[in-house]
$ cat model05.csv   # CSV, C-alpha atoms and all ligand atoms
chain,number,residue,atom,x,y,z
D,1,MET,CA,5.4,-26.2,-29.7
D,2,ASP,CA,3.6,-26.7,-26.4
D,3,TYR,CA,6.3,-25.6,-23.9
D,4,GLN,CA,3.9,-25.7,-21.0
D,5,SER,CA,3.7,-29.5,-21.1
D,6,LEU,CA,7.5,-29.7,-21.0
D,7,LEU,CA,7.9,-27.7,-17.8
D,8,ALA,CA,9.4,-29.4,-14.7
D,9,ASP,CA,6.9,-30.2,-11.9
D,10,ARG,CA,8.6,-27.8,-9.6
D,11,THR,CA,7.6,-24.8,-11.9
D,12,THR,CA,4.0,-25.3,-10.7
D,13,LEU,CA,5.3,-23.9,-7.4
D,14,MET,CA,6.7,-20.8,-9.0
D,15,LYS,CA,3.9,-18.2,-8.7
D,16,VAL,CA,3.6,-15.1,-10.9
D,17,ASN,CA,6.6,-13.2,-9.7
D,18,ALA,CA,5.6,-10.0,-8.1
D,19,ILE,CA,9.1,-8.5,-8.6
D,20,ARG,CA,8.9,-9.1,-12.3
D,21,GLU,CA,5.6,-7.3,-12.4
D,22,ILE,CA,7.1,-4.4,-10.4
D,23,LEU,CA,10.1,-4.1,-12.8
D,24,LYS,CA,7.8,-4.1,-15.9
D,25,VAL,CA,6.3,-0.8,-14.6
D,26,VAL,CA,9.6,0.7,-13.5
D,27,SER,CA,11.0,0.8,-17.0
D,28,ARG,CA,8.1,2.9,-18.2
D,29,PRO,CA,9.1,6.6,-18.8
D,30,GLY,CA,8.0,9.0,-16.0
D,31,VAL,CA,7.3,6.2,-13.5
D,32,VAL,CA,8.9,6.6,-10.0
D,33,SER,CA,8.0,3.3,-8.3
D,34,LEU,CA,8.2,3.0,-4.6
D,35,ALA,CA,7.2,-0.6,-4.7
D,36,GLY,CA,10.7,-2.1,-5.0
D,37,GLY,CA,14.2,-1.1,-3.7
D,38,ILE,CA,15.1,0.5,-7.0
D,39,PRO,CA,17.9,3.1,-7.0
D,40,SER,CA,17.2,6.5,-8.7
D,41,PRO,CA,19.0,6.5,-12.0
D,42,GLU,CA,20.2,10.1,-11.2
D,43,SER,CA,22.2,8.6,-8.3
D,44,PHE,CA,24.4,6.7,-10.7
D,45,PRO,CA,27.8,8.5,-10.8
D,46,MET,CA,28.3,8.0,-14.6
D,47,GLU,CA,31.7,9.7,-14.7
D,48,ILE,CA,33.0,7.6,-11.9
D,49,PHE,CA,31.6,4.4,-13.6
D,50,ARG,CA,33.5,5.4,-16.8
D,51,GLU,CA,36.7,5.9,-14.9
D,52,LEU,CA,36.3,2.6,-13.0
D,53,VAL,CA,35.6,0.6,-16.2
D,54,ASP,CA,38.7,2.2,-17.7
D,55,ARG,CA,40.8,1.4,-14.6
D,56,VAL,CA,39.6,-2.3,-14.6
D,57,LEU,CA,40.5,-2.7,-18.3
D,58,THR,CA,43.9,-1.2,-17.8
D,59,ARG,CA,44.7,-3.2,-14.7
D,60,TYR,CA,43.2,-6.6,-15.6
D,61,ASP,CA,43.1,-6.5,-19.4
D,62,SER,CA,41.5,-9.6,-21.0
D,63,GLY,CA,41.3,-11.2,-17.5
D,64,ALA,CA,38.3,-8.9,-16.9
D,65,PHE,CA,36.4,-10.9,-19.5
D,66,GLN,CA,37.7,-14.4,-19.0
D,67,TYR,CA,36.2,-17.3,-17.1
D,68,ASP,CA,37.5,-17.3,-13.6
D,69,LEU,CA,37.1,-19.1,-10.2
D,70,THR,CA,33.5,-20.0,-9.7
D,71,GLU,CA,33.6,-18.4,-6.3
D,72,GLY,CA,34.3,-15.1,-8.0
D,73,PHE,CA,37.2,-12.9,-9.2
D,74,LEU,CA,39.8,-12.9,-6.4
D,75,PRO,CA,40.6,-9.1,-6.5
D,76,LEU,CA,36.9,-8.4,-6.1
D,77,ARG,CA,36.6,-10.9,-3.2
D,78,GLU,CA,39.6,-9.2,-1.5
D,79,GLN,CA,37.8,-5.9,-1.7
D,80,VAL,CA,34.5,-7.4,-0.4
D,81,SER,CA,36.5,-8.7,2.5
D,82,VAL,CA,37.7,-5.1,3.2
D,83,LEU,CA,34.1,-3.9,2.9
D,84,LEU,CA,32.9,-6.6,5.3
D,85,LYS,CA,35.6,-5.6,7.8
D,86,SER,CA,34.1,-2.1,7.9
D,87,ARG,CA,30.8,-3.8,9.0
D,88,GLY,CA,32.7,-5.6,11.8
D,89,ILE,CA,32.7,-9.0,9.9
D,90,THR,CA,36.0,-10.8,9.6
D,91,ALA,CA,35.9,-12.9,6.4
D,92,SER,CA,39.0,-13.9,4.4
D,93,PRO,CA,38.6,-13.5,0.6
D,94,GLU,CA,38.4,-17.3,0.5
D,95,ALA,CA,35.2,-17.1,2.6
D,96,VAL,CA,33.6,-14.7,0.2
D,97,HIS,CA,31.4,-16.0,-2.6
D,98,ILE,CA,30.3,-13.7,-5.4
D,99,THR,CA,26.9,-14.1,-7.2
D,100,SER,CA,24.7,-12.0,-9.4
D,101,GLY,CA,23.1,-10.0,-6.6
D,102,SER,CA,21.9,-11.3,-3.3
D,103,GLN,CA,19.1,-13.1,-5.2
D,104,GLY,CA,21.8,-15.4,-6.5
D,105,VAL,CA,22.8,-16.3,-3.0
D,106,LEU,CA,19.2,-16.9,-1.9
D,107,ASP,CA,18.8,-19.2,-4.9
D,108,ALA,CA,22.0,-21.1,-4.0
D,109,VAL,CA,21.1,-21.4,-0.3
D,110,ALA,CA,17.7,-22.8,-1.3
D,111,LYS,CA,19.2,-25.3,-3.7
D,112,LEU,CA,21.8,-26.4,-1.2
D,113,LEU,CA,19.8,-26.5,2.0
D,114,ILE,CA,16.1,-27.1,1.3
D,115,SER,CA,14.6,-30.6,1.0
D,116,LYS,CA,10.9,-31.0,0.5
D,117,GLY,CA,9.0,-30.3,3.7
D,118,ASP,CA,11.9,-28.6,5.5
D,119,LYS,CA,10.8,-25.8,7.8
D,120,ILE,CA,12.1,-22.3,7.4
D,121,ALA,CA,11.4,-19.7,10.1
D,122,LEU,CA,10.6,-16.3,8.7
D,123,GLU,CA,9.5,-12.8,9.8
D,124,ALA,CA,5.9,-12.2,8.7
D,125,PRO,CA,5.7,-10.4,6.4
D,126,THR,CA,9.0,-11.1,4.6
D,127,TYR,CA,10.8,-10.4,1.3
D,128,LEU,CA,8.9,-11.8,-1.7
D,129,GLY,CA,12.1,-12.5,-3.6
D,130,ALA,CA,13.3,-14.8,-0.9
D,131,LEU,CA,10.0,-16.8,-1.0
D,132,SER,CA,10.4,-17.0,-4.8
D,133,ALA,CA,13.9,-18.5,-4.4
D,134,PHE,CA,12.8,-21.0,-1.7
D,135,ASN,CA,9.3,-22.1,-2.9
D,136,PRO,CA,10.5,-24.4,-5.8
D,137,TYR,CA,12.2,-26.6,-3.2
D,138,GLU,CA,8.9,-27.1,-1.4
D,139,PRO,CA,9.7,-26.0,2.2
D,140,THR,CA,7.1,-25.1,4.7
D,141,TYR,CA,7.2,-21.9,6.6
D,142,VAL,CA,6.9,-21.0,10.2
D,143,ARG,CA,6.0,-17.4,10.8
D,144,MET,CA,7.5,-15.5,13.7
D,145,ASP,CA,6.2,-12.4,15.4
D,146,MET,CA,7.5,-8.9,14.7
D,147,ASP,CA,6.8,-5.5,16.3
D,148,ASP,CA,8.2,-2.0,15.8
D,149,GLU,CA,11.6,-3.2,17.1
D,150,GLY,CA,11.7,-6.1,14.5
D,151,LEU,CA,11.7,-9.8,15.2
D,152,VAL,CA,10.4,-10.7,18.7
D,153,PRO,CA,13.2,-12.9,20.2
D,154,GLU,CA,10.7,-14.9,22.4
D,155,SER,CA,8.9,-15.8,19.2
D,156,LEU,CA,12.2,-17.1,17.7
D,157,GLU,CA,13.0,-19.1,20.8
D,158,GLU,CA,9.5,-20.6,20.9
D,159,THR,CA,9.8,-21.5,17.2
D,160,LEU,CA,13.2,-23.2,17.7
D,161,LYS,CA,11.8,-25.0,20.8
D,162,THR,CA,8.7,-26.4,19.0
D,163,HIS,CA,9.9,-27.0,15.4
D,164,LYS,CA,12.8,-28.6,13.7
D,165,ILE,CA,13.9,-25.6,11.7
D,166,LYS,CA,16.3,-26.0,8.7
D,167,PHE,CA,17.2,-22.3,8.8
D,168,ILE,CA,15.9,-18.9,9.8
D,169,TYR,CA,15.7,-16.1,7.2
D,170,LEU,CA,15.9,-12.5,8.5
D,171,VAL,CA,16.3,-9.0,7.0
D,172,PRO,CA,17.4,-7.3,10.3
D,173,THR,CA,18.0,-3.8,8.9
D,174,PHE,CA,15.4,-1.8,7.1
D,175,GLN,CA,13.4,-5.0,6.5
D,176,ASN,CA,11.6,-5.5,3.2
D,177,PRO,CA,8.6,-4.8,3.2
D,178,THR,CA,8.1,-3.2,6.7
D,179,GLY,CA,11.3,-1.0,6.9
D,180,ARG,CA,11.8,-2.1,10.5
D,181,THR,CA,15.2,-2.6,12.1
D,182,ILE,CA,16.0,-5.1,14.8
D,183,THR,CA,17.4,-3.2,17.8
D,184,LEU,CA,20.9,-3.9,19.2
D,185,GLU,CA,19.5,-5.5,22.4
D,186,ARG,CA,17.4,-7.9,20.3
D,187,ARG,CA,20.3,-8.7,17.9
D,188,ILE,CA,22.3,-9.8,20.9
D,189,ARG,CA,19.4,-11.9,22.2
D,190,ILE,CA,18.8,-13.5,18.7
D,191,ALA,CA,22.6,-14.3,18.5
D,192,GLU,CA,22.4,-16.0,21.9
D,193,ILE,CA,19.3,-18.0,21.0
D,194,ILE,CA,20.6,-19.3,17.7
D,195,GLN,CA,23.8,-20.4,19.4
D,196,LYS,CA,21.8,-22.0,22.2
D,197,TYR,CA,19.7,-24.0,19.8
D,198,ASN,CA,22.5,-24.6,17.3
D,199,ALA,CA,20.4,-23.0,14.6
D,200,LEU,CA,21.5,-21.5,11.2
D,201,LEU,CA,20.5,-17.9,10.3
D,202,VAL,CA,20.5,-16.5,6.8
D,203,GLU,CA,21.0,-12.8,7.4
D,204,ASP,CA,20.0,-10.8,4.3
D,205,ASP,CA,21.5,-7.3,4.5
D,206,PRO,CA,21.0,-5.2,1.3
D,207,TYR,CA,20.1,-2.0,3.0
D,208,SER,CA,22.2,-1.2,6.0
D,209,ALA,CA,24.6,1.0,4.0
D,210,LEU,CA,21.6,3.3,3.1
D,211,ARG,CA,21.4,4.6,6.7
D,212,TYR,CA,21.1,8.4,6.7
D,213,GLN,CA,20.6,9.0,10.4
D,214,GLY,CA,21.1,7.1,13.7
D,215,GLN,CA,23.8,4.6,14.7
D,216,ASP,CA,24.9,1.8,12.4
D,217,LEU,CA,24.0,-1.5,14.0
D,218,PRO,CA,26.3,-4.5,13.9
D,219,PRO,CA,25.1,-7.5,11.8
D,220,ILE,CA,24.1,-10.6,13.8
D,221,LYS,CA,26.9,-12.3,11.9
D,222,THR,CA,29.4,-10.4,14.1
D,223,MET,CA,27.7,-11.9,17.2
D,224,ALA,CA,27.3,-15.6,16.2
D,225,GLU,CA,29.9,-16.0,13.4
D,226,ASP,CA,29.6,-19.7,13.0
D,227,HIS,CA,25.8,-19.7,12.9
D,228,VAL,CA,25.2,-17.1,10.2
D,229,ILE,CA,25.4,-17.0,6.4
D,230,TYR,CA,25.7,-13.2,5.8
D,231,VAL,CA,24.2,-12.1,2.4
D,232,SER,CA,24.7,-8.6,1.0
D,233,THR,CA,24.7,-6.8,-2.3
D,234,LEU,CA,26.1,-3.9,-4.2
D,235,SER,CA,22.8,-3.4,-6.0
D,236,LYS,CA,21.6,-0.6,-3.7
D,237,ILE,CA,24.9,1.3,-3.1
D,238,PHE,CA,26.6,0.9,-6.5
D,239,ALA,CA,24.3,-0.4,-9.3
D,240,PRO,CA,21.9,-3.3,-9.8
D,241,GLY,CA,22.4,-4.0,-13.5
R,301,LIG,C1,15.6,-8.0,1.3
R,301,LIG,C2,16.2,-8.1,0.0
R,301,LIG,N1,17.0,-9.1,-0.3
R,301,LIG,C3,17.6,-9.3,-1.5
R,301,LIG,C4,17.3,-8.4,-2.5
R,301,LIG,C5,17.9,-8.6,-3.9
R,301,LIG,O1,19.0,-7.9,-4.2
R,301,LIG,P1,19.8,-8.0,-5.5
R,301,LIG,O2,19.3,-7.0,-6.4
R,301,LIG,O3,21.2,-7.8,-5.1
R,301,LIG,O4,19.6,-9.4,-6.0
R,301,LIG,C6,16.4,-7.3,-2.3
R,301,LIG,C7,16.1,-6.4,-3.4
R,301,LIG,O5,15.2,-5.6,-3.4
R,301,LIG,C8,15.8,-7.2,-1.0
R,301,LIG,O6,15.0,-6.2,-0.7
$ encode --input "model05.csv" --output "structure tokens"
Amino acid sequence: MDYQSLLADRTTLMKVNAIREILKVVSRPGVVSLAGGIPSPESFPMEIFRELVDRVLTRYDSGAFQYDLTEGFLPLREQVSVLLKSRGITASPEAVHITSGSQGVLDAVAKLLISKGDKIALEAPTYLGALSAFNPYEPTYVRMDMDDEGLVPESLEETLKTHKIKFIYLVPTFQNPTGRTITLERRIRIAEIIQKYNALLVEDDPYSALRYQGQDLPPIKTMAEDHVIYVSTLSKIFAPG
């Protein structure tokens, strides 16, 4: 069967996925890959995992395996709401949407927001997985400037002034791939700018809980609540699989 001839046109926009290539290498014995944000398997607290699985089965019984609200299992959304509170974000459980990792949100955001030719403003360079999620919907990209303190706010303002931007995609803390973190002063400025231009920001925050030194910085979501879709994940602090 020639499956190639059956593929949808949009698949021609799906390039060889760099993350898939990285993950192929990661599973080889003896390889410690620094190419992706892959937790060390020794960091998985297996005893705690066993206890938690047992607790879930005791508490929720068959409910743990049943279809449920598409937005996600309510007790989990309640706990995510508590976790968000610790990051300064007020979100009721009803405002929380659970997906398979943050990649699932990026896919959903792309499907819901991007029409062919829409402009997305990005840090350059940016996270490959986000581009993989966005590309099939045929956006165009506007690259914004970064320096050691992260996104340059003037570049954001210039971009919003000169282009009709559908949304801005940023990884403000420990950005992938540069590792840069946007300073507090710049976060405040960015929040002001997106409010001034009535722009939407997709704030991808997988790494802020992995801070080992220095001050935690508030998500931009806390400064421009209505203008930000905040995306986070348990892949890096609990387990990705
Ligand atoms: C910036 C960024 N966003 C999203 C993800 C995807 O995270 P998840 O494993 O939860 O899909 C990663 C993973 O490396 C990432 O670096």
$ residues_around --input "model05.csv" --residues "D:Ile168" --least-positions-apart "3" --cutoff "8 Å" --atoms "all atoms listed in the file" --output "compact mmCIF listing (two decimals) with C-alpha atoms, in the coordinates of the input"
# COMPACT_ATOMS: atom_id res chain seq x y z
CA ILE D 120 12.10 -22.30 7.40
CA ALA D 121 11.40 -19.70 10.10
CA LEU D 122 10.60 -16.30 8.70
CA ILE D 165 13.90 -25.60 11.70
CA ALA D 199 20.40 -23.00 14.60
CA LEU D 200 21.50 -21.50 11.20
CA LEU D 201 20.50 -17.90 10.30
CA VAL D 202 20.50 -16.50 6.80
$ residues_around --input "model05.csv" --residues "D:Leu69" --least-positions-apart "2" --cutoff "12 Å" --atoms "only C-alpha atoms" --output "list of chain:residue names"
D:Gly63, D:Gln66, D:Tyr67, D:Glu71, D:Gly72, D:Phe73, D:Leu74, D:Pro75, D:Leu76, D:Arg77, D:Glu94, D:Val96, D:His97, D:Ile98, D:Thr99
$ residues_near_ligand --input "model05.csv" --ligand "ligand LIG 301 (chain R)" --cutoff "6 Å" --atoms "all atoms listed in the file" --output "PDB file with C-alpha atoms, in the frame of the given file"
ATOM      1  CA  GLY D  36      10.700  -2.100  -5.000  1.00  0.00           C
ATOM      2  CA  GLY D  37      14.200  -1.100  -3.700  1.00  0.00           C
ATOM      3  CA  GLY D 101      23.100 -10.000  -6.600  1.00  0.00           C
ATOM      4  CA  SER D 102      21.900 -11.300  -3.300  1.00  0.00           C
ATOM      5  CA  GLN D 103      19.100 -13.100  -5.200  1.00  0.00           C
ATOM      6  CA  TYR D 127      10.800 -10.400   1.300  1.00  0.00           C
ATOM      7  CA  VAL D 171      16.300  -9.000   7.000  1.00  0.00           C
ATOM      8  CA  ASN D 176      11.600  -5.500   3.200  1.00  0.00           C
ATOM      9  CA  ASP D 204      20.000 -10.800   4.300  1.00  0.00           C
ATOM     10  CA  PRO D 206      21.000  -5.200   1.300  1.00  0.00           C
ATOM     11  CA  THR D 233      24.700  -6.800  -2.300  1.00  0.00           C
ATOM     12  CA  SER D 235      22.800  -3.400  -6.000  1.00  0.00           C
ATOM     13  CA  PRO D 240      21.900  -3.300  -9.800  1.00  0.00           C
TER      14      PRO D 240
END
$ atom_distance --input "model05.csv" --atom1 "atom CA of D:Ser208" --atom2 "atom CA of D:Glu42"
20.7 Å
$ closest_residue --input "model05.csv" --among "D:Ile182, D:Leu112, D:Met223, D:Ile22" --to "D:Gly88" --atoms "all atoms listed in the file"
D:Met223
$ decode --input "model05.csv" --residues "stretch 151-171 of chain D" --atoms "N, CA, C and O atoms" --output "PDB file, in the first residue's frame"
ATOM      1  N   LEU D 151      13.998  38.297  25.946  1.00  0.00           N
ATOM      2  CA  LEU D 151      13.371  39.099  24.885  1.00  0.00           C
ATOM      3  C   LEU D 151      13.578  40.593  25.133  1.00  0.00           C
ATOM      4  O   LEU D 151      13.399  41.073  26.255  1.00  0.00           O
ATOM      5  N   VAL D 152      13.929  41.308  24.068  1.00  0.00           N
ATOM      6  CA  VAL D 152      14.108  42.761  24.179  1.00  0.00           C
ATOM      7  C   VAL D 152      12.728  43.413  24.007  1.00  0.00           C
ATOM      8  O   VAL D 152      12.111  43.307  22.943  1.00  0.00           O
ATOM      9  N   PRO D 153      12.196  44.086  25.057  1.00  0.00           N
ATOM     10  CA  PRO D 153      10.834  44.628  24.980  1.00  0.00           C
ATOM     11  C   PRO D 153      10.613  45.576  23.800  1.00  0.00           C
ATOM     12  O   PRO D 153       9.543  45.582  23.193  1.00  0.00           O
ATOM     13  N   GLU D 154      11.650  46.364  23.452  1.00  0.00           N
ATOM     14  CA  GLU D 154      11.485  47.303  22.325  1.00  0.00           C
ATOM     15  C   GLU D 154      11.214  46.528  21.033  1.00  0.00           C
ATOM     16  O   GLU D 154      10.481  46.992  20.153  1.00  0.00           O
ATOM     17  N   SER D 155      11.815  45.365  20.918  1.00  0.00           N
ATOM     18  CA  SER D 155      11.611  44.549  19.719  1.00  0.00           C
ATOM     19  C   SER D 155      10.171  44.028  19.678  1.00  0.00           C
ATOM     20  O   SER D 155       9.540  43.984  18.617  1.00  0.00           O
ATOM     21  N   LEU D 156       9.642  43.669  20.850  1.00  0.00           N
ATOM     22  CA  LEU D 156       8.233  43.248  20.925  1.00  0.00           C
ATOM     23  C   LEU D 156       7.329  44.403  20.502  1.00  0.00           C
ATOM     24  O   LEU D 156       6.415  44.239  19.688  1.00  0.00           O
ATOM     25  N   GLU D 157       7.611  45.598  21.054  1.00  0.00           N
ATOM     26  CA  GLU D 157       6.746  46.743  20.755  1.00  0.00           C
ATOM     27  C   GLU D 157       6.789  47.071  19.261  1.00  0.00           C
ATOM     28  O   GLU D 157       5.744  47.286  18.630  1.00  0.00           O
ATOM     29  N   GLU D 158       7.980  47.061  18.696  1.00  0.00           N
ATOM     30  CA  GLU D 158       8.144  47.340  17.268  1.00  0.00           C
ATOM     31  C   GLU D 158       7.357  46.315  16.430  1.00  0.00           C
ATOM     32  O   GLU D 158       6.679  46.669  15.456  1.00  0.00           O
ATOM     33  N   THR D 159       7.438  45.061  16.850  1.00  0.00           N
ATOM     34  CA  THR D 159       6.737  43.987  16.128  1.00  0.00           C
ATOM     35  C   THR D 159       5.227  44.202  16.167  1.00  0.00           C
ATOM     36  O   THR D 159       4.543  44.072  15.152  1.00  0.00           O
ATOM     37  N   LEU D 160       4.717  44.558  17.352  1.00  0.00           N
ATOM     38  CA  LEU D 160       3.265  44.736  17.476  1.00  0.00           C
ATOM     39  C   LEU D 160       2.794  45.992  16.738  1.00  0.00           C
ATOM     40  O   LEU D 160       1.654  46.073  16.290  1.00  0.00           O
ATOM     41  N   LYS D 161       3.702  46.961  16.640  1.00  0.00           N
ATOM     42  CA  LYS D 161       3.361  48.202  15.938  1.00  0.00           C
ATOM     43  C   LYS D 161       3.287  47.972  14.435  1.00  0.00           C
ATOM     44  O   LYS D 161       2.451  48.529  13.745  1.00  0.00           O
ATOM     45  N   THR D 162       4.185  47.116  13.922  1.00  0.00           N
ATOM     46  CA  THR D 162       4.321  47.021  12.463  1.00  0.00           C
ATOM     47  C   THR D 162       3.650  45.789  11.849  1.00  0.00           C
ATOM     48  O   THR D 162       3.536  45.703  10.637  1.00  0.00           O
ATOM     49  N   HIS D 163       3.230  44.842  12.672  1.00  0.00           N
ATOM     50  CA  HIS D 163       2.595  43.632  12.122  1.00  0.00           C
ATOM     51  C   HIS D 163       1.278  43.354  12.841  1.00  0.00           C
ATOM     52  O   HIS D 163       1.124  43.691  14.016  1.00  0.00           O
ATOM     53  N   LYS D 164       0.392  42.669  12.124  1.00  0.00           N
ATOM     54  CA  LYS D 164      -0.826  42.171  12.777  1.00  0.00           C
ATOM     55  C   LYS D 164      -0.474  40.769  13.302  1.00  0.00           C
ATOM     56  O   LYS D 164      -0.351  39.821  12.502  1.00  0.00           O
ATOM     57  N   ILE D 165      -0.265  40.672  14.594  1.00  0.00           N
ATOM     58  CA  ILE D 165       0.237  39.424  15.180  1.00  0.00           C
ATOM     59  C   ILE D 165      -0.923  38.627  15.786  1.00  0.00           C
ATOM     60  O   ILE D 165      -1.697  39.172  16.584  1.00  0.00           O
ATOM     61  N   LYS D 166      -1.048  37.353  15.441  1.00  0.00           N
ATOM     62  CA  LYS D 166      -2.118  36.520  16.007  1.00  0.00           C
ATOM     63  C   LYS D 166      -1.818  36.233  17.472  1.00  0.00           C
ATOM     64  O   LYS D 166      -2.655  36.407  18.346  1.00  0.00           O
ATOM     65  N   PHE D 167      -0.606  35.762  17.741  1.00  0.00           N
ATOM     66  CA  PHE D 167      -0.173  35.642  19.135  1.00  0.00           C
ATOM     67  C   PHE D 167       1.349  35.646  19.212  1.00  0.00           C
ATOM     68  O   PHE D 167       2.027  35.474  18.196  1.00  0.00           O
ATOM     69  N   ILE D 168       1.817  35.878  20.438  1.00  0.00           N
ATOM     70  CA  ILE D 168       3.261  35.883  20.705  1.00  0.00           C
ATOM     71  C   ILE D 168       3.540  34.580  21.450  1.00  0.00           C
ATOM     72  O   ILE D 168       2.762  34.199  22.342  1.00  0.00           O
ATOM     73  N   TYR D 169       4.616  33.903  21.105  1.00  0.00           N
ATOM     74  CA  TYR D 169       4.991  32.688  21.843  1.00  0.00           C
ATOM     75  C   TYR D 169       6.324  32.937  22.534  1.00  0.00           C
ATOM     76  O   TYR D 169       7.315  33.277  21.877  1.00  0.00           O
ATOM     77  N   LEU D 170       6.345  32.775  23.862  1.00  0.00           N
ATOM     78  CA  LEU D 170       7.578  33.000  24.624  1.00  0.00           C
ATOM     79  C   LEU D 170       7.809  31.878  25.627  1.00  0.00           C
ATOM     80  O   LEU D 170       6.847  31.322  26.177  1.00  0.00           O
ATOM     81  N   VAL D 171       9.079  31.580  25.883  1.00  0.00           N
ATOM     82  CA  VAL D 171       9.473  30.710  27.004  1.00  0.00           C
ATOM     83  C   VAL D 171      10.300  31.616  27.921  1.00  0.00           C
ATOM     84  O   VAL D 171      11.515  31.718  27.775  1.00  0.00           O
TER      85      VAL D 171
END
